[in-house]
file work33.cif (mmCIF, C-alpha atoms)
data_work
loop_
_atom_site.label_atom_id
_atom_site.label_comp_id
_atom_site.auth_asym_id
_atom_site.auth_seq_id
_atom_site.Cartn_x
_atom_site.Cartn_y
_atom_site.Cartn_z
CA MET I 1 11.78 -38.51 -7.74
CA LYS I 2 10.73 -41.66 -5.92
CA GLN I 3 12.91 -41.41 -2.82
CA PRO I 4 11.71 -43.80 -0.09
CA LEU I 5 13.64 -41.94 2.63
CA ALA I 6 12.01 -38.58 1.86
CA TYR I 7 8.56 -37.35 2.87
CA VAL I 8 6.62 -35.73 0.03
CA HIS I 9 3.04 -34.70 0.75
CA PRO I 10 0.70 -36.22 -1.86
CA ALA I 11 -0.79 -32.78 -2.57
CA ALA I 12 2.58 -31.25 -3.53
CA LYS I 13 2.96 -30.49 -7.26
CA ILE I 14 6.39 -31.71 -8.26
CA ALA I 15 7.60 -32.09 -11.85
CA SER I 16 8.60 -35.58 -12.90
CA SER I 17 12.27 -34.70 -13.47
CA VAL I 18 12.85 -33.25 -9.98
CA VAL I 19 15.57 -35.10 -8.03
CA ILE I 20 14.93 -35.47 -4.30
CA ALA I 21 17.67 -36.72 -1.96
CA PRO I 22 17.06 -38.72 1.24
CA PHE I 23 15.57 -37.11 4.35
CA VAL I 24 13.87 -34.27 2.49
CA THR I 25 10.50 -33.02 3.77
CA ILE I 26 8.06 -31.41 1.32
CA ASP I 27 4.71 -30.18 2.62
CA ALA I 28 1.38 -29.67 0.87
CA ASP I 29 0.81 -26.55 -1.26
CA VAL I 30 4.33 -26.73 -2.71
CA GLU I 31 5.21 -26.48 -6.40
CA ILE I 32 8.61 -27.43 -7.85
CA GLY I 33 9.54 -27.06 -11.53
CA GLU I 34 11.35 -29.31 -14.00
CA GLY I 35 14.99 -30.14 -13.50
CA THR I 36 15.33 -28.92 -9.92
CA ARG I 37 17.50 -30.86 -7.48
CA ILE I 38 16.71 -30.98 -3.76
CA GLY I 39 19.60 -31.99 -1.47
CA SER I 40 19.33 -34.08 1.66
CA ASN I 41 17.73 -32.70 4.81
CA VAL I 42 16.06 -29.83 2.95
CA THR I 43 12.67 -28.73 4.31
CA ILE I 44 10.21 -27.14 1.90
CA MET I 45 7.12 -25.86 3.66
CA GLU I 46 3.65 -24.78 2.58
CA GLY I 47 3.52 -21.86 0.19
CA ALA I 48 6.86 -22.56 -1.53
CA ARG I 49 7.00 -22.08 -5.30
CA ILE I 50 10.32 -23.21 -6.76
CA GLY I 51 11.14 -22.76 -10.43
CA ARG I 52 12.95 -24.85 -13.02
CA ASN I 53 16.54 -26.06 -12.86
CA CYS I 54 17.20 -24.84 -9.34
CA THR I 55 19.66 -26.49 -6.97
CA ILE I 56 18.91 -26.49 -3.25
CA PHE I 57 21.73 -27.74 -1.04
CA PRO I 58 21.43 -29.73 2.21
CA GLY I 59 19.90 -28.11 5.26
CA ALA I 60 18.04 -25.29 3.52
CA VAL I 61 14.54 -24.34 4.69
CA ILE I 62 12.21 -22.73 2.14
CA GLY I 63 8.80 -21.32 3.07
CA ALA I 64 8.93 -21.36 6.86
CA VAL I 65 6.48 -19.01 8.56
CA PRO I 66 7.81 -15.48 9.11
CA GLN I 67 9.72 -14.51 12.23
CA ASP I 68 7.27 -11.65 12.70
CA LEU I 69 4.90 -11.38 15.64
CA LYS I 70 2.33 -9.68 13.40
CA PHE I 71 1.97 -12.85 11.35
CA LYS I 72 -1.41 -14.49 12.03
CA GLY I 73 -1.19 -17.58 9.87
CA GLU I 74 -2.37 -15.95 6.63
CA LYS I 75 -1.83 -17.82 3.38
CA THR I 76 1.33 -16.43 1.76
CA LEU I 77 4.12 -17.56 -0.56
CA ALA I 78 7.89 -17.98 -0.85
CA ILE I 79 8.83 -17.87 -4.54
CA ILE I 80 12.17 -18.97 -6.03
CA GLY I 81 12.82 -18.25 -9.72
CA ASP I 82 14.44 -20.46 -12.36
CA ASN I 83 18.11 -21.51 -12.39
CA THR I 84 18.71 -20.27 -8.86
CA THR I 85 21.12 -21.91 -6.42
CA ILE I 86 20.32 -22.05 -2.71
CA ARG I 87 23.34 -23.22 -0.71
CA GLU I 88 23.59 -25.02 2.63
CA CYS I 89 21.39 -23.93 5.54
CA VAL I 90 19.82 -20.95 3.77
CA THR I 91 16.42 -19.86 5.12
CA VAL I 92 13.82 -18.15 2.95
CA ASN I 93 10.67 -17.28 4.94
CA ARG I 94 7.33 -16.74 3.27
CA GLY I 95 5.51 -13.41 3.23
CA THR I 96 3.02 -11.77 5.55
CA ALA I 97 -0.13 -9.76 4.93
CA ALA I 98 2.14 -6.77 4.22
CA LYS I 99 3.21 -8.04 0.77
CA ASP I 100 1.82 -11.61 0.60
CA LYS I 101 5.04 -13.11 -0.71
CA THR I 102 8.80 -13.32 -0.44
CA VAL I 103 10.54 -13.48 -3.82
CA VAL I 104 13.98 -14.64 -4.90
CA GLY I 105 14.55 -14.14 -8.62
CA SER I 106 16.11 -16.23 -11.38
CA ASN I 107 19.80 -16.99 -11.97
CA THR I 108 20.56 -15.91 -8.41
CA LEU I 109 23.09 -17.41 -5.99
CA ILE I 110 22.28 -17.42 -2.27
CA MET I 111 25.34 -18.74 -0.45
CA ALA I 112 25.44 -20.77 2.75
CA TYR I 113 23.76 -19.55 5.95
CA CYS I 114 22.03 -16.57 4.33
CA HIS I 115 18.60 -15.48 5.57
CA VAL I 116 15.87 -13.91 3.43
CA ALA I 117 13.12 -12.66 5.73
CA HIS I 118 9.41 -12.16 5.12
CA ASP I 119 8.29 -10.01 2.18
CA CYS I 120 11.79 -9.45 0.80
CA VAL I 121 12.25 -9.13 -2.96
CA VAL I 122 15.61 -10.34 -4.29
CA GLY I 123 16.06 -9.77 -8.01
CA ASP I 124 17.63 -11.74 -10.86
CA ASN I 125 21.37 -12.44 -11.15
CA VAL I 126 21.98 -11.42 -7.53
CA ILE I 127 24.83 -12.84 -5.46
CA MET I 128 24.37 -12.95 -1.67
CA SER I 129 27.60 -14.17 -0.09
CA ASN I 130 27.77 -16.40 2.98
CA ALA I 131 25.83 -15.43 6.12
CA THR I 132 24.23 -12.30 4.64
CA GLN I 133 21.06 -11.51 6.58
CA LEU I 134 18.11 -9.61 5.09
CA ALA I 135 15.50 -8.30 7.53
CA GLY I 136 11.84 -8.00 6.53
CA GLU I 137 10.71 -6.17 3.39
CA VAL I 138 14.21 -5.54 2.04
CA VAL I 139 14.53 -5.09 -1.74
CA VAL I 140 17.69 -6.18 -3.59
CA ASP I 141 17.66 -5.26 -7.28
CA ASN I 142 19.09 -7.19 -10.25
CA PHE I 143 22.83 -7.87 -10.47
CA ALA I 144 23.59 -6.66 -6.94
CA VAL I 145 26.51 -8.39 -5.20
CA ILE I 146 26.52 -8.45 -1.39
CA GLY I 147 29.64 -9.45 0.51
CA GLY I 148 29.59 -12.10 3.22
CA GLY I 149 28.30 -11.39 6.70
CA THR I 150 26.34 -8.30 5.66
CA LEU I 151 23.37 -7.26 7.80
CA VAL I 152 20.58 -5.32 6.10
CA HIS I 153 18.03 -3.34 8.13
CA GLN I 154 14.33 -3.85 7.40
CA PHE I 155 12.80 -1.81 4.55
CA CYS I 156 16.20 -0.99 2.99
CA HIS I 157 16.57 -0.96 -0.80
CA ILE I 158 19.79 -2.02 -2.54
CA GLY I 159 19.84 -0.82 -6.14
CA PRO I 160 20.87 -2.70 -9.30
CA HIS I 161 24.52 -3.39 -10.10
CA VAL I 162 25.62 -2.45 -6.57
CA MET I 163 28.69 -3.99 -4.92
CA VAL I 164 28.66 -4.14 -1.10
CA GLN I 165 31.73 -5.06 0.93
CA GLY I 166 31.61 -8.00 3.32
CA GLY I 167 30.62 -7.41 6.92
CA ALA I 168 28.64 -4.27 6.12
CA LEU I 169 25.88 -2.90 8.34
CA ILE I 170 23.30 -1.38 5.99
CA ASN I 171 20.64 0.94 7.38
CA LYS I 172 20.19 3.26 4.38
CA ASP I 173 19.22 2.71 0.77
CA ILE I 174 22.11 2.13 -1.66
CA PRO I 175 21.49 3.76 -5.07
CA PRO I 176 22.19 2.02 -8.39
CA TYR I 177 25.63 1.27 -9.85
CA VAL I 178 27.75 2.13 -6.80
CA LYS I 179 30.26 0.47 -4.50
CA ALA I 180 29.47 0.64 -0.78
CA ALA I 181 32.18 0.00 1.78
CA ARG I 182 33.96 1.20 4.97
CA ASP I 183 32.49 1.59 8.44
CA PRO I 184 30.01 3.18 8.68
CA ILE I 185 28.88 2.05 5.24
CA SER I 186 29.51 4.78 2.67
CA TYR I 187 29.65 5.54 -1.03
CA VAL I 188 33.18 4.78 -2.28
CA GLY I 189 32.74 5.06 -6.05
CA VAL I 190 30.96 3.63 -9.04
CA ASN I 191 31.04 -0.15 -9.61
CA SER I 192 32.87 0.32 -12.89
CA ILE I 193 34.38 -3.17 -13.03
CA GLY I 194 30.99 -4.82 -12.55
CA LEU I 195 29.41 -2.52 -15.13
CA ARG I 196 32.09 -3.33 -17.73
CA ARG I 197 31.52 -7.03 -17.13
CA ARG I 198 27.86 -6.43 -17.97
CA ASN I 199 28.69 -4.58 -21.20
CA PHE I 200 28.13 -1.01 -20.07
CA THR I 201 30.11 1.31 -22.34
CA ASN I 202 32.79 3.70 -21.12
CA GLU I 203 30.46 6.55 -22.07
CA GLN I 204 27.68 5.15 -19.86
CA ILE I 205 30.07 4.61 -16.96
CA ASN I 206 31.45 8.15 -17.28
CA GLU I 207 27.90 9.55 -17.26
CA ILE I 208 27.11 7.59 -14.07
CA GLN I 209 30.30 8.91 -12.47
CA ASP I 210 29.29 12.47 -13.35
CA ILE I 211 25.94 11.96 -11.61
CA TYR I 212 27.55 10.73 -8.41
CA ARG I 213 30.04 13.62 -8.42
CA TYR I 214 27.05 15.92 -8.05
CA LEU I 215 25.60 13.78 -5.27
CA TYR I 216 28.72 13.09 -3.23
CA LEU I 217 31.52 15.48 -4.22
CA SER I 218 29.82 18.81 -4.91
CA GLY I 219 29.01 19.81 -1.34
CA LEU I 220 25.30 20.02 -2.22
CA ASN I 221 22.58 18.37 -0.19
CA VAL I 222 20.75 15.52 -1.91
CA SER I 223 17.72 17.54 -3.03
CA ASP I 224 19.83 20.32 -4.54
CA ALA I 225 22.14 17.79 -6.20
CA VAL I 226 19.19 16.05 -7.85
CA GLU I 227 17.90 19.38 -9.18
CA ARG I 228 21.32 20.19 -10.63
CA ILE I 229 21.59 16.73 -12.20
CA GLU I 230 18.24 17.15 -13.93
CA ALA I 231 19.09 20.66 -15.09
CA GLU I 232 22.66 20.12 -16.24
CA LEU I 233 23.09 16.49 -17.31
CA PRO I 234 21.44 14.92 -20.37
CA ALA I 235 18.53 12.56 -19.83
CA THR I 236 19.58 8.91 -20.05
CA LYS I 237 18.13 5.66 -18.78
CA GLU I 238 20.77 5.51 -16.05
CA ARG I 239 20.31 9.15 -14.99
CA ASP I 240 16.55 8.79 -14.71
CA GLU I 241 16.86 5.48 -12.85
CA ILE I 242 19.16 7.04 -10.24
CA ILE I 243 16.91 10.09 -9.79
CA LEU I 244 13.79 7.92 -9.43
CA PHE I 245 15.55 5.69 -6.90
CA ILE I 246 16.56 8.67 -4.76
CA ARG I 247 13.13 10.28 -4.89
CA ASN I 248 11.44 7.01 -3.91
CA SER I 249 13.86 6.31 -1.06
CA LYS I 250 12.05 6.08 2.27
CA ARG I 251 15.14 5.62 4.43
CA GLY I 252 17.43 8.04 2.60
CA ILE I 253 20.54 7.07 0.63
CA LEU I 254 23.87 6.13 2.16
CA ARG I 255 26.34 8.85 3.03
CA GLY I 256 29.49 9.80 1.18
CA TYR I 257 32.82 8.83 2.69
CA VAL I 258 34.38 11.59 4.76
#
call {"tool": "encode", "arguments": {"input": "work33.cif", "output": "structure tokens"}}
result
Amino acid sequence: MKQPLAYVHPAAKIASSVVIAPFVTIDADVEIGEGTRIGSNVTIMEGARIGRNCTIFPGAVIGAVPQDLKFKGEKTLAIIGDNTTIRECVTVNRGTAAKDKTVVGSNTLIMAYCHVAHDCVVGDNVIMSNATQLAGEVVVDNFAVIGGGTLVHQFCHIGPHVMVQGGALINKDIPPYVKAARDPISYVGVNSIGLRRRNFTNEQINEIQDIYRYLYLSGLNVSDAVERIEAELPATKERDEIILFIRNSKRGILRGYV
């Protein structure tokens, strides 16, 4: 903790077991939990809240002001959950008046050169591969995996257990449990391998596949497909989650592959 070559503001609240490497800068109004390790040349700015047992690699910047011209200096936060790894040169900006905070969940891996913009919400157990860029107010749900170099348009929503190919350009919402690939980005199937790794049963996976057959292979538009799903498929947690996601989508869901 006592690193003479680092600058730690006396008002920062840092647990006694935190390890701070040389040339780190930590501003006031920062909180860092037990067991976290801060690599060299990391900058942690006002409003950062970092959980327990995190690892932040050299060059990362946590809590910088948003890259948003509407930001007027309001007091907002950048929150990192427990057991999360932030790799080299990642930037996580704090929130604006729109949502008041940017959130990265627990047990999440943000690989090198990723950007998490203002007011994003990244869930637990997410993997963002190298150089993925999230614009403002993007939501990434639990267990999503995003391939390297992906660009995500502002306000998009990536559902839980989704797998996105590297280099994707995402401008629509991606519903739960699917694989998204090709150019333009499209539905290419259910993420069955990822679901099996997370102990989904074959019965659950088959039910999810049935739902997406209605949505993408039946020739129905989205509204009609949702009505048919509700009428003809049994109610399950997964079915209801998919229907709720689609109905709440503001940008519309991604297209099927033609």
call {"tool": "residues_around", "arguments": {"input": "work33.cif", "residues": "I:Val116", "least_positions_apart": "4", "cutoff": "12 Å", "atoms": "only C-alpha atoms", "output": "PyMOL selection string"}}
result
chain I and resi 60-67+78-80+86+89-95+101-104+110-112+120-122+128+131-140+151-154
call {"tool": "atom_distance", "arguments": {"input": "work33.cif", "atom1": "atom CA of I:Tyr257", "atom2": "atom CA of I:His115"}}
result
28.3 Å
call {"tool": "residues_around", "arguments": {"input": "work33.cif", "residues": "stretch 169-179 of chain I", "least_positions_apart": "5", "cutoff": "6 Å", "atoms": "all atoms listed in the file", "output": "list in words"}}
result
Leu151, Val152, His153, Cys156, His157, Ile158, Gly159, Pro160, His161, Val162, Met163, Val164, Val188, Gly189, Val190, Asn191, Arg251, Gly252, Ile253 and Leu254 of chain I
call {"tool": "write_last_selection", "arguments": {"input": "work33.cif", "atoms": "C-alpha atoms", "output": "JSON list (two decimals), in the frame of the given file"}}
result
[["chain", "number", "residue", "atom", "x", "y", "z"],
["I", 151, "LEU", "CA", 23.37, -7.26, 7.80],
["I", 152, "VAL", "CA", 20.58, -5.32, 6.10],
["I", 153, "HIS", "CA", 18.03, -3.34, 8.13],
["I", 156, "CYS", "CA", 16.20, -0.99, 2.99],
["I", 157, "HIS", "CA", 16.57, -0.96, -0.80],
["I", 158, "ILE", "CA", 19.79, -2.02, -2.54],
["I", 159, "GLY", "CA", 19.84, -0.82, -6.14],
["I", 160, "PRO", "CA", 20.87, -2.70, -9.30],
["I", 161, "HIS", "CA", 24.52, -3.39, -10.10],
["I", 162, "VAL", "CA", 25.62, -2.45, -6.57],
["I", 163, "MET", "CA", 28.69, -3.99, -4.92],
["I", 164, "VAL", "CA", 28.66, -4.14, -1.10],
["I", 188, "VAL", "CA", 33.18, 4.78, -2.28],
["I", 189, "GLY", "CA", 32.74, 5.06, -6.05],
["I", 190, "VAL", "CA", 30.96, 3.63, -9.04],
["I", 191, "ASN", "CA", 31.04, -0.15, -9.61],
["I", 251, "ARG", "CA", 15.14, 5.62, 4.43],
["I", 252, "GLY", "CA", 17.43, 8.04, 2.60],
["I", 253, "ILE", "CA", 20.54, 7.07, 0.63],
["I", 254, "LEU", "CA", 23.87, 6.13, 2.16]]
call {"tool": "atom_distance", "arguments": {"input": "work33.cif", "atom1": "atom CA of I:Leu215", "atom2": "atom CA of I:Thr236"}}
result
16.7 Å
call {"tool": "residues_around", "arguments": {"input": "work33.cif", "residues": "I:Ser17", "least_positions_apart": "4", "cutoff": "9 Å", "atoms": "all atoms listed in the file", "output": "ChimeraX atom specification"}}
result
/I:1,33-37
call {"tool": "closest_residue", "arguments": {"input": "work33.cif", "among": "I:Asn83, I:Ile38, I:Glu46, I:Asn125", "to": "I:Ala11", "atoms": "only C-alpha atoms"}}
result
I:Glu46
call {"tool": "resolve_selection", "arguments": {"input": "work33.cif", "expression": "the PyMOL selection byres ((chain I and resi 124) around 9)", "output": "mmCIF file with C-alpha atoms, in the coordinates of the input"}}
result
data_model
loop_
_atom_site.group_PDB
_atom_site.id
_atom_site.type_symbol
_atom_site.label_atom_id
_atom_site.label_comp_id
_atom_site.auth_asym_id
_atom_site.auth_seq_id
_atom_site.Cartn_x
_atom_site.Cartn_y
_atom_site.Cartn_z
ATOM 1 C CA GLY I 81 12.820 -18.250 -9.720
ATOM 2 C CA THR I 84 18.710 -20.270 -8.860
ATOM 3 C CA VAL I 104 13.980 -14.640 -4.900
ATOM 4 C CA GLY I 105 14.550 -14.140 -8.620
ATOM 5 C CA SER I 106 16.110 -16.230 -11.380
ATOM 6 C CA ASN I 107 19.800 -16.990 -11.970
ATOM 7 C CA THR I 108 20.560 -15.910 -8.410
ATOM 8 C CA VAL I 122 15.610 -10.340 -4.290
ATOM 9 C CA GLY I 123 16.060 -9.770 -8.010
ATOM 10 C CA ASN I 125 21.370 -12.440 -11.150
ATOM 11 C CA VAL I 126 21.980 -11.420 -7.530
ATOM 12 C CA ASP I 141 17.660 -5.260 -7.280
ATOM 13 C CA ASN I 142 19.090 -7.190 -10.250
ATOM 14 C CA PHE I 143 22.830 -7.870 -10.470
ATOM 15 C CA ALA I 144 23.590 -6.660 -6.940
#
call {"tool": "resolve_selection", "arguments": {"input": "work33.cif", "expression": "the PyMOL selection byres ((chain I and resi 219-230) around 12)", "output": "PyMOL selection string"}}
result
chain I and resi 207-218+231-236+238-247+249+252-256+258
call {"tool": "atom_distance", "arguments": {"input": "work33.cif", "atom1": "atom CA of I:Pro58", "atom2": "atom CA of I:Leu5"}}
result
14.5 Å
call {"tool": "decode", "arguments": {"input": "work33.cif", "residues": "stretch 15-26 of chain I", "atoms": "all heavy atoms", "output": "short mmCIF file (atom, residue, chain, number, x, y, z; two decimals), in the first residue's frame"}}
result
data_model
loop_
_atom_site.label_atom_id
_atom_site.label_comp_id
_atom_site.auth_asym_id
_atom_site.auth_seq_id
_atom_site.Cartn_x
_atom_site.Cartn_y
_atom_site.Cartn_z
N ALA I 15 -8.58 0.09 1.02
CA ALA I 15 -8.40 -0.97 2.01
C ALA I 15 -6.92 -1.24 2.24
O ALA I 15 -6.08 -1.05 1.35
CB ALA I 15 -9.11 -2.23 1.55
N SER I 16 -6.61 -1.72 3.43
CA SER I 16 -5.21 -1.87 3.83
C SER I 16 -4.46 -2.91 3.01
O SER I 16 -3.24 -2.86 2.89
CB SER I 16 -5.14 -2.23 5.32
OG SER I 16 -5.83 -3.45 5.56
N SER I 17 -5.17 -3.89 2.43
CA SER I 17 -4.50 -4.95 1.69
C SER I 17 -4.34 -4.65 0.20
O SER I 17 -3.84 -5.49 -0.55
CB SER I 17 -5.27 -6.27 1.85
OG SER I 17 -6.60 -6.13 1.37
N VAL I 18 -4.78 -3.48 -0.25
CA VAL I 18 -4.63 -3.11 -1.66
C VAL I 18 -3.14 -2.95 -1.99
O VAL I 18 -2.39 -2.35 -1.22
CB VAL I 18 -5.40 -1.82 -1.97
CG1 VAL I 18 -5.08 -1.32 -3.38
CG2 VAL I 18 -6.89 -2.06 -1.82
N VAL I 19 -2.74 -3.48 -3.15
CA VAL I 19 -1.35 -3.35 -3.62
C VAL I 19 -1.32 -2.32 -4.73
O VAL I 19 -2.05 -2.44 -5.72
CB VAL I 19 -0.81 -4.69 -4.12
CG1 VAL I 19 0.59 -4.51 -4.72
CG2 VAL I 19 -0.78 -5.71 -2.99
N ILE I 20 -0.47 -1.32 -4.58
CA ILE I 20 -0.38 -0.22 -5.55
C ILE I 20 1.04 -0.17 -6.10
O ILE I 20 2.00 -0.03 -5.34
CB ILE I 20 -0.76 1.11 -4.90
CG1 ILE I 20 -2.20 1.06 -4.39
CG2 ILE I 20 -0.58 2.26 -5.88
CD1 ILE I 20 -2.62 2.28 -3.61
N ALA I 21 1.17 -0.30 -7.42
CA ALA I 21 2.48 -0.28 -8.07
C ALA I 21 2.96 1.16 -8.26
O ALA I 21 2.20 2.11 -8.06
CB ALA I 21 2.39 -1.00 -9.42
N PRO I 22 4.22 1.34 -8.65
CA PRO I 22 4.73 2.70 -8.88
C PRO I 22 3.98 3.43 -9.99
O PRO I 22 3.43 2.83 -10.90
CB PRO I 22 6.19 2.45 -9.30
CG PRO I 22 6.53 1.12 -8.73
CD PRO I 22 5.28 0.33 -8.77
N PHE I 23 3.98 4.76 -9.86
CA PHE I 23 3.47 5.68 -10.88
C PHE I 23 1.95 5.61 -11.06
O PHE I 23 1.43 6.02 -12.09
CB PHE I 23 4.19 5.48 -12.22
CG PHE I 23 5.68 5.41 -12.08
CD1 PHE I 23 6.37 4.26 -12.41
CD2 PHE I 23 6.39 6.49 -11.55
CE1 PHE I 23 7.75 4.19 -12.24
CE2 PHE I 23 7.76 6.43 -11.39
CZ PHE I 23 8.44 5.27 -11.73
N VAL I 24 1.27 5.12 -10.06
CA VAL I 24 -0.20 5.13 -10.04
C VAL I 24 -0.66 6.49 -9.54
O VAL I 24 -0.03 7.10 -8.66
CB VAL I 24 -0.72 4.00 -9.13
CG1 VAL I 24 -2.21 4.16 -8.84
CG2 VAL I 24 -0.45 2.64 -9.77
N THR I 25 -1.79 6.97 -10.07
CA THR I 25 -2.44 8.18 -9.57
C THR I 25 -3.85 7.83 -9.13
O THR I 25 -4.63 7.27 -9.90
CB THR I 25 -2.50 9.27 -10.65
OG1 THR I 25 -1.16 9.63 -11.02
CG2 THR I 25 -3.22 10.51 -10.13
N ILE I 26 -4.18 8.15 -7.87
CA ILE I 26 -5.51 7.90 -7.32
C ILE I 26 -6.03 9.20 -6.74
O ILE I 26 -5.44 9.76 -5.82
CB ILE I 26 -5.48 6.79 -6.25
CG1 ILE I 26 -4.97 5.48 -6.87
CG2 ILE I 26 -6.87 6.61 -5.64
CD1 ILE I 26 -4.82 4.35 -5.86
#
